[in-house]
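Source file: structure.cif (mmCIF, C-alpha atoms)
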data_structure
#
loop_
_atom_site.label_atom_id
_atom_site.label_comp_id
_atom_site.auth_asym_id
_atom_site.auth_seq_id
_atom_site.Cartn_x
_atom_site.Cartn_y
_atom_site.Cartn_z
CA ARG A 1 0.00 0.00 0.00
CA PHE A 2 1.22 3.46 -0.74
CA PHE A 3 3.02 4.78 2.30
CA THR A 4 1.08 8.04 2.63
CA LEU A 5 -2.25 6.23 2.81
CA SER A 6 -1.14 3.54 5.23
CA LEU A 7 0.39 6.13 7.55
CA TYR A 8 -2.80 8.19 7.57
CA ASN A 9 -4.83 5.03 8.24
CA TYR A 10 -2.55 4.23 11.16
CA VAL A 11 -3.37 7.62 12.69
CA SER A 12 -7.08 7.00 12.08
CA CYS A 13 -6.87 3.57 13.73
CA ASP A 14 -5.15 5.13 16.74
CA GLU A 15 -7.92 7.75 16.93
CA GLU A 16 -10.57 5.01 16.88
CA GLN A 17 -8.84 3.07 19.65
CA LYS A 18 -8.43 6.13 21.88
CA ASN A 19 -12.10 7.03 21.48
CA HIS A 20 -13.48 3.45 21.69
CA LEU A 21 -14.89 3.65 18.16
CA PRO A 22 -15.44 0.67 15.86
CA ASN A 23 -12.46 -0.22 13.68
CA HIS A 24 -12.40 1.38 10.22
CA SER A 25 -15.27 3.73 11.07
CA THR A 26 -13.67 7.15 11.43
CA ARG A 27 -10.86 9.14 9.85
CA ALA A 28 -8.59 11.07 12.18
CA PRO A 29 -9.22 14.82 12.37
CA THR A 30 -6.89 16.73 10.06
CA GLU A 31 -5.21 18.51 12.98
CA ASP A 32 -4.34 15.13 14.59
CA TRP A 33 -2.91 13.94 11.29
CA ILE A 34 -0.78 17.07 10.93
CA LYS A 35 0.54 16.76 14.48
CA PHE A 36 1.49 13.10 13.95
CA ARG A 37 2.92 13.77 10.49
CA ASP A 38 5.11 16.62 11.68
CA SER A 39 6.45 14.61 14.61
CA ASN A 40 6.95 11.26 12.89
CA LEU A 41 7.25 11.55 9.12
CA GLU A 42 11.03 11.24 8.84
CA SER A 43 11.28 8.25 11.17
CA GLU A 44 8.32 6.56 9.44
CA LEU A 45 9.98 7.14 6.06
CA ASN A 46 13.13 5.47 7.37
CA GLU A 47 11.07 2.49 8.58
CA TYR A 48 9.33 2.23 5.20
CA GLN A 49 12.65 2.32 3.37
CA TYR A 50 14.02 -0.40 5.66
CA PHE A 51 10.90 -2.54 5.16
CA VAL A 52 11.00 -2.30 1.37
CA THR A 53 14.76 -2.86 1.18
CA PHE A 54 14.57 -5.86 3.53
CA TRP A 55 12.01 -7.66 1.38
CA MET A 56 13.55 -6.70 -1.95
CA GLU A 57 16.94 -8.07 -0.83
CA LYS A 58 15.76 -11.06 1.22
CA TYR A 59 15.70 -13.69 -1.54
CA ASP A 60 18.39 -14.71 -4.02
CA SER A 61 15.73 -15.29 -6.65
CA ARG A 62 12.96 -12.82 -7.48
CA ASP A 63 10.58 -15.72 -8.17
CA LYS A 64 10.45 -16.26 -4.39
CA LEU A 65 8.93 -12.80 -3.86
CA LEU A 66 5.52 -11.62 -5.01
CA ILE A 67 4.73 -7.91 -5.05
CA VAL A 68 1.07 -6.92 -5.28
CA MET A 69 -0.12 -3.35 -5.06
CA TYR A 70 -2.79 -2.96 -2.39
CA GLU A 71 -4.52 -0.45 -4.65
CA ASP A 72 -4.79 -3.17 -7.30
CA LEU A 73 -5.98 -5.74 -4.80
CA ILE A 74 -9.03 -3.65 -3.86
CA ASP A 75 -9.81 -2.44 -7.40
CA TYR A 76 -12.83 -3.98 -9.16
CA ASP A 77 -10.97 -4.73 -12.36
CA GLU A 78 -7.49 -5.47 -11.01
CA GLY A 79 -8.52 -7.15 -7.74
CA PRO A 80 -9.43 -10.57 -9.11
CA ILE A 81 -6.29 -10.50 -11.28
CA ALA A 82 -4.13 -9.69 -8.24
CA ALA A 83 -5.88 -12.43 -6.24
CA THR A 84 -5.14 -14.89 -9.04
CA LYS A 85 -1.46 -13.88 -8.97
CA ILE A 86 -1.43 -14.55 -5.22
CA ALA A 87 -3.09 -17.95 -5.65
CA ASP A 88 -0.66 -18.91 -8.42
CA PHE A 89 2.32 -17.80 -6.32
CA LEU A 90 1.17 -19.69 -3.23
CA GLY A 91 0.35 -22.72 -5.38
CA GLN A 92 4.06 -23.08 -6.18
CA THR A 93 4.65 -24.14 -2.57
CA ASP A 94 4.52 -27.84 -1.70
CA GLY A 95 1.37 -28.67 0.22
CA VAL A 96 -0.53 -25.53 -0.84
CA GLU A 97 -3.47 -26.15 -3.12
CA PRO A 98 -5.31 -22.93 -4.00
CA ILE A 99 -8.92 -22.97 -5.04
CA GLY A 100 -9.74 -23.30 -8.72
CA ARG A 101 -8.95 -20.22 -10.78
CA GLU A 102 -12.58 -19.97 -11.88
CA TYR A 103 -13.64 -19.38 -8.24
CA ILE A 104 -11.07 -16.71 -7.44
CA PRO A 105 -13.15 -13.69 -8.59
CA CYS A 106 -16.09 -14.85 -6.47
CA VAL A 107 -13.94 -15.41 -3.38
CA TRP A 108 -12.16 -12.09 -3.98
CA HIS A 109 -15.52 -10.30 -4.11
CA ALA A 110 -16.79 -12.03 -0.97
CA ILE A 111 -13.71 -11.04 1.01
CA VAL A 112 -12.81 -7.61 -0.37
CA LYS A 113 -16.20 -6.16 -1.31
CA TYR A 114 -18.34 -7.81 1.34
CA LYS A 115 -19.98 -4.53 2.48
CA GLU A 116 -21.45 -3.89 -0.93
CA VAL A 117 -25.18 -3.50 -1.43
CA VAL A 118 -26.60 -6.30 -3.55
CA VAL A 119 -29.76 -5.91 -5.64
CA SER A 120 -31.74 -9.12 -5.94
CA LYS A 121 -33.66 -10.18 -9.06
CA SER A 122 -36.80 -8.80 -7.44
CA GLY A 123 -35.14 -5.38 -7.09
CA ILE A 124 -34.73 -5.55 -3.31
CA GLU A 125 -31.50 -4.04 -1.98
CA SER A 126 -29.70 -5.71 0.86
CA GLU A 127 -26.28 -5.65 2.46
CA ASN A 128 -24.11 -8.50 1.25
CA LYS A 129 -24.10 -10.20 4.67
CA GLU A 130 -24.54 -13.76 3.47
CA ARG A 131 -21.21 -13.65 1.62
CA LYS A 132 -19.20 -12.15 4.46
CA LEU A 133 -16.68 -14.88 5.20
CA VAL A 134 -15.16 -13.42 8.36
CA PRO A 135 -17.83 -12.07 10.75
CA SER A 136 -15.34 -10.01 12.73
CA SER A 137 -13.95 -8.24 9.64
CA PRO A 138 -13.96 -4.46 10.01
CA ASP A 139 -16.10 -2.19 7.91
CA SER A 140 -14.05 -0.74 5.09
CA LEU A 141 -15.66 2.69 4.91
CA ARG A 142 -14.36 5.45 7.17
CA GLU A 143 -16.16 8.73 7.65
CA GLY A 144 -14.48 12.08 8.20
CA PRO A 145 -11.99 14.34 6.43
CA THR A 146 -10.28 12.89 3.38
CA GLU A 147 -7.45 15.38 3.01
CA ARG A 148 -3.97 14.26 3.99
CA PRO A 149 -2.01 17.48 3.69
CA TYR A 150 1.75 17.60 3.25
CA ASN A 151 3.94 20.68 2.98
CA SER A 152 6.45 21.08 0.14
CA GLN A 153 9.40 19.91 2.27
CA GLN A 154 7.54 16.72 3.23
CA LEU A 155 6.53 16.04 -0.37
CA GLU A 156 10.17 16.44 -1.35
CA LEU A 157 11.14 13.86 1.31
CA LEU A 158 8.53 11.45 -0.06
CA LYS A 159 9.68 12.03 -3.64
CA ASN A 160 13.33 11.50 -2.70
CA LEU A 161 12.50 8.25 -0.90
CA VAL A 162 10.57 6.80 -3.84
CA GLU A 163 13.16 7.94 -6.38
CA GLY A 164 15.90 6.41 -4.23
CA LEU A 165 14.09 3.08 -4.06
CA ILE A 166 13.51 3.14 -7.82
CA GLU A 167 17.22 3.76 -8.35
CA GLN A 168 18.21 1.08 -5.83
CA PHE A 169 16.02 -1.59 -7.45
CA HIS A 170 16.01 -0.26 -11.02
CA ASN A 171 16.49 -3.76 -12.49
CA ASP A 172 13.14 -4.96 -11.14
CA GLU A 173 10.57 -3.81 -13.71
CA GLU A 174 7.53 -4.73 -11.61
CA PHE A 175 8.84 -2.88 -8.56
CA VAL A 176 9.78 0.16 -10.64
CA ALA A 177 6.30 0.23 -12.21
CA ILE A 178 4.63 0.19 -8.79
CA MET A 179 6.92 2.82 -7.30
CA SER A 180 6.51 4.99 -10.41
CA THR A 181 2.77 4.96 -9.79
CA TYR A 182 3.43 6.19 -6.25
CA LEU A 183 5.83 8.82 -7.58
CA GLU A 184 3.09 10.13 -9.89
CA THR A 185 0.77 10.41 -6.88
CA ILE A 186 3.36 12.40 -4.95
CA SER A 187 4.09 14.64 -7.94
CA SER A 188 0.41 15.44 -8.40
CA THR A 189 -0.15 16.25 -4.71
CA VAL A 190 -0.51 19.96 -4.01
CA ALA A 191 1.64 21.14 -1.11
CA LEU A 192 -0.17 22.94 1.68
CA ASP A 193 2.45 25.27 3.16
#
Would you mind writing the file's structure down as structure tokens?
Amino acid sequence: RFFTLSLYNYVSCDEEQKNHLPNHSTRAPTEDWIKFRDSNLESELNEYQYFVTFWMEKYDSRDKLLIVMYEDLIDYDEGPIAATKIADFLGQTDGVEPIGREYIPCVWHAIVKYKEVVVSKSGIESENKERKLVPSSPDSLREGPTERPYNSQQLELLKNLVEGLIEQFHNDEEFVAIMSTYLETISSTVALD
């Protein structure tokens, strides 16, 4: 998942815990985000760089590492494709027998899009409760402010991190493609100084 979104979601999760709110129900107030961001961004960037570098260098062979963009995994068009890649990757392991490829889109939908409203043949709308595989799964829709402001110095730090990772792992086309997508997001973000 793109670092800026996962960090903001971490702050939101913390806010929910402190206020005894249901998981994945509320976004952190913008002022709480800014306070956390200003105090922790550089150390969190260092942790992210360590995390990415660790996994990119862990295996001698790239075929032992699967990279899937979270944004693809939750996307209607790309999600079932990403889930199929995961099943194929796991299926290479002795003793792991993934479900049939023809069932993957259905299972993906039941797990990832379980909160969707379903319209029956009779036109009656209902929440997709019967396909929810994990009853304790959190709701995936948070309410509250959607802005995640960064100032120009912070955007420059983000840009430098992503460009550095692209340079470090420039021989890995899949990794570079993913990080380039993140770089485009950073480049299109308007700084709020």
task: Within 12 Å of Glu97 of chain A, counting only C-alpha atoms, which residues show up once you throw out same-chain ones fewer than 5 positions away? Write them as a list in words, please.
output: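 So, after excluding close chain neighbours, the residues are Ile86, Ala87, Asp88, Phe89, Leu90, Gly91 and Gln92 of chain A.
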### Query
What gap, in Å, lies between atom CA of Ser188 of chain A and atom CA of Leu165 of chain A?
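Between these atoms lies a distance of 18.9 Å.
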| query | From the set A:Ile111, A:Asn23, A:Ile99, A:Thr93, which residue has the shortest atom-to-atom contact distance to Asp63 of chain A, counting only C-alpha atoms? | reply |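 Closest to Asp63 of chain A of all the choices is A:Thr93.
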Restricting the calculation to only C-alpha atoms, which member of A:Ser180, A:Ser39, A:Gln154, A:Ser61 is positioned closest to Thr4 of chain A?
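Checking each of A:Ser180, A:Ser39, A:Gln154, A:Ser61 against Thr4 of chain A, counting only C-alpha atoms, the winner is A:Gln154.
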(Q) Would you compute the distance between atom CA of Leu161 of chain A and atom CA of Phe36 of chain A? Give it in Å to one decimal. (A)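 Spanning atom CA of Leu161 of chain A to atom CA of Phe36 of chain A is a straight-line distance of 19.1 Å.
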Handout entry: Distance criterion (all atoms listed in the file): nearest to Ile186 of chain A out of A:Ile104, A:Ile34, A:Leu73, A:Leu5
Key =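 Checking each of A:Ile104, A:Ile34, A:Leu73, A:Leu5 against Ile186 of chain A, counting all atoms listed in the file, the winner is A:Leu5.
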Decode the PyMOL selection byres ((chain A and resi 1) around 8) for the given file into explicit residues and return them as a PDB file with C-alpha atoms, in the frame of the given file.
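So expr_30.pdb came out as:
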ATOM      1  CA  PHE A   2       1.220   3.460  -0.740  1.00  0.00           C
ATOM      2  CA  PHE A   3       3.020   4.780   2.300  1.00  0.00           C
ATOM      3  CA  LEU A   5      -2.250   6.230   2.810  1.00  0.00           C
ATOM      4  CA  SER A   6      -1.140   3.540   5.230  1.00  0.00           C
ATOM      5  CA  MET A  69      -0.120  -3.350  -5.060  1.00  0.00           C
ATOM      6  CA  TYR A  70      -2.790  -2.960  -2.390  1.00  0.00           C
ATOM      7  CA  GLU A  71      -4.520  -0.450  -4.650  1.00  0.00           C
TER       8      GLU A  71
END
Of A:Cys13, A:Val52, A:Leu155, A:Val162, the one sitting nearest Asp193 of chain A when using only C-alpha atoms is A:Leu155
What does the distance from atom CA of Val190 of chain A to atom CA of Lys159 of chain A come to in Å, to one decimal?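 Computed distance, atom CA of Val190 of chain A to atom CA of Lys159 of chain A, equals 12.9 Å.
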Q: Please write as a PyMOL selection string the full residue list that the PyMOL selection byres ((chain A and resi 81) around 12) yields on this file.
A: chain A and resi 68-69+72-80+82-88+101-106+108-109
Min atom-atom distance to Met56 of chain A from the set A:Leu7, A:Ser152, A:Asp172, A:Glu31, counting all atoms listed in the file, belongs to A:Asp172
- request: Spell out the residues picked by the PyMOL selection byres ((chain A and resi 14) around 12) here, as an NGL selection string.
  value: :A and (7-13 or 15-29 or 32-33 or 36)
Write a file of the just-selected residues containing C-alpha atoms, as a short mmCIF file (atom, residue, chain, number, x, y, z; two decimals), in the frame of the given file.
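Final output, again04.cif:
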data_model
loop_
_atom_site.label_atom_id
_atom_site.label_comp_id
_atom_site.auth_asym_id
_atom_site.auth_seq_id
_atom_site.Cartn_x
_atom_site.Cartn_y
_atom_site.Cartn_z
CA LEU A 7 0.39 6.13 7.55
CA TYR A 8 -2.80 8.19 7.57
CA ASN A 9 -4.83 5.03 8.24
CA TYR A 10 -2.55 4.23 11.16
CA VAL A 11 -3.37 7.62 12.69
CA SER A 12 -7.08 7.00 12.08
CA CYS A 13 -6.87 3.57 13.73
CA GLU A 15 -7.92 7.75 16.93
CA GLU A 16 -10.57 5.01 16.88
CA GLN A 17 -8.84 3.07 19.65
CA LYS A 18 -8.43 6.13 21.88
CA ASN A 19 -12.10 7.03 21.48
CA HIS A 20 -13.48 3.45 21.69
CA LEU A 21 -14.89 3.65 18.16
CA PRO A 22 -15.44 0.67 15.86
CA ASN A 23 -12.46 -0.22 13.68
CA HIS A 24 -12.40 1.38 10.22
CA SER A 25 -15.27 3.73 11.07
CA THR A 26 -13.67 7.15 11.43
CA ARG A 27 -10.86 9.14 9.85
CA ALA A 28 -8.59 11.07 12.18
CA PRO A 29 -9.22 14.82 12.37
CA ASP A 32 -4.34 15.13 14.59
CA TRP A 33 -2.91 13.94 11.29
CA PHE A 36 1.49 13.10 13.95
#
| said: Show me, as a PyMOL selection string, the residues that have an atom within 12 Å of Val176 of chain A when counting all atoms listed in the file, minus same-chain residues fewer than 6 positions from it. | reply: chain A and resi 56+67+69+162-170+182-183
Restricting to all atoms listed in the file, whichever of A:Glu173, A:Met179, A:Ala191, A:Pro149 is closest to Asp38 of chain A is A:Pro149
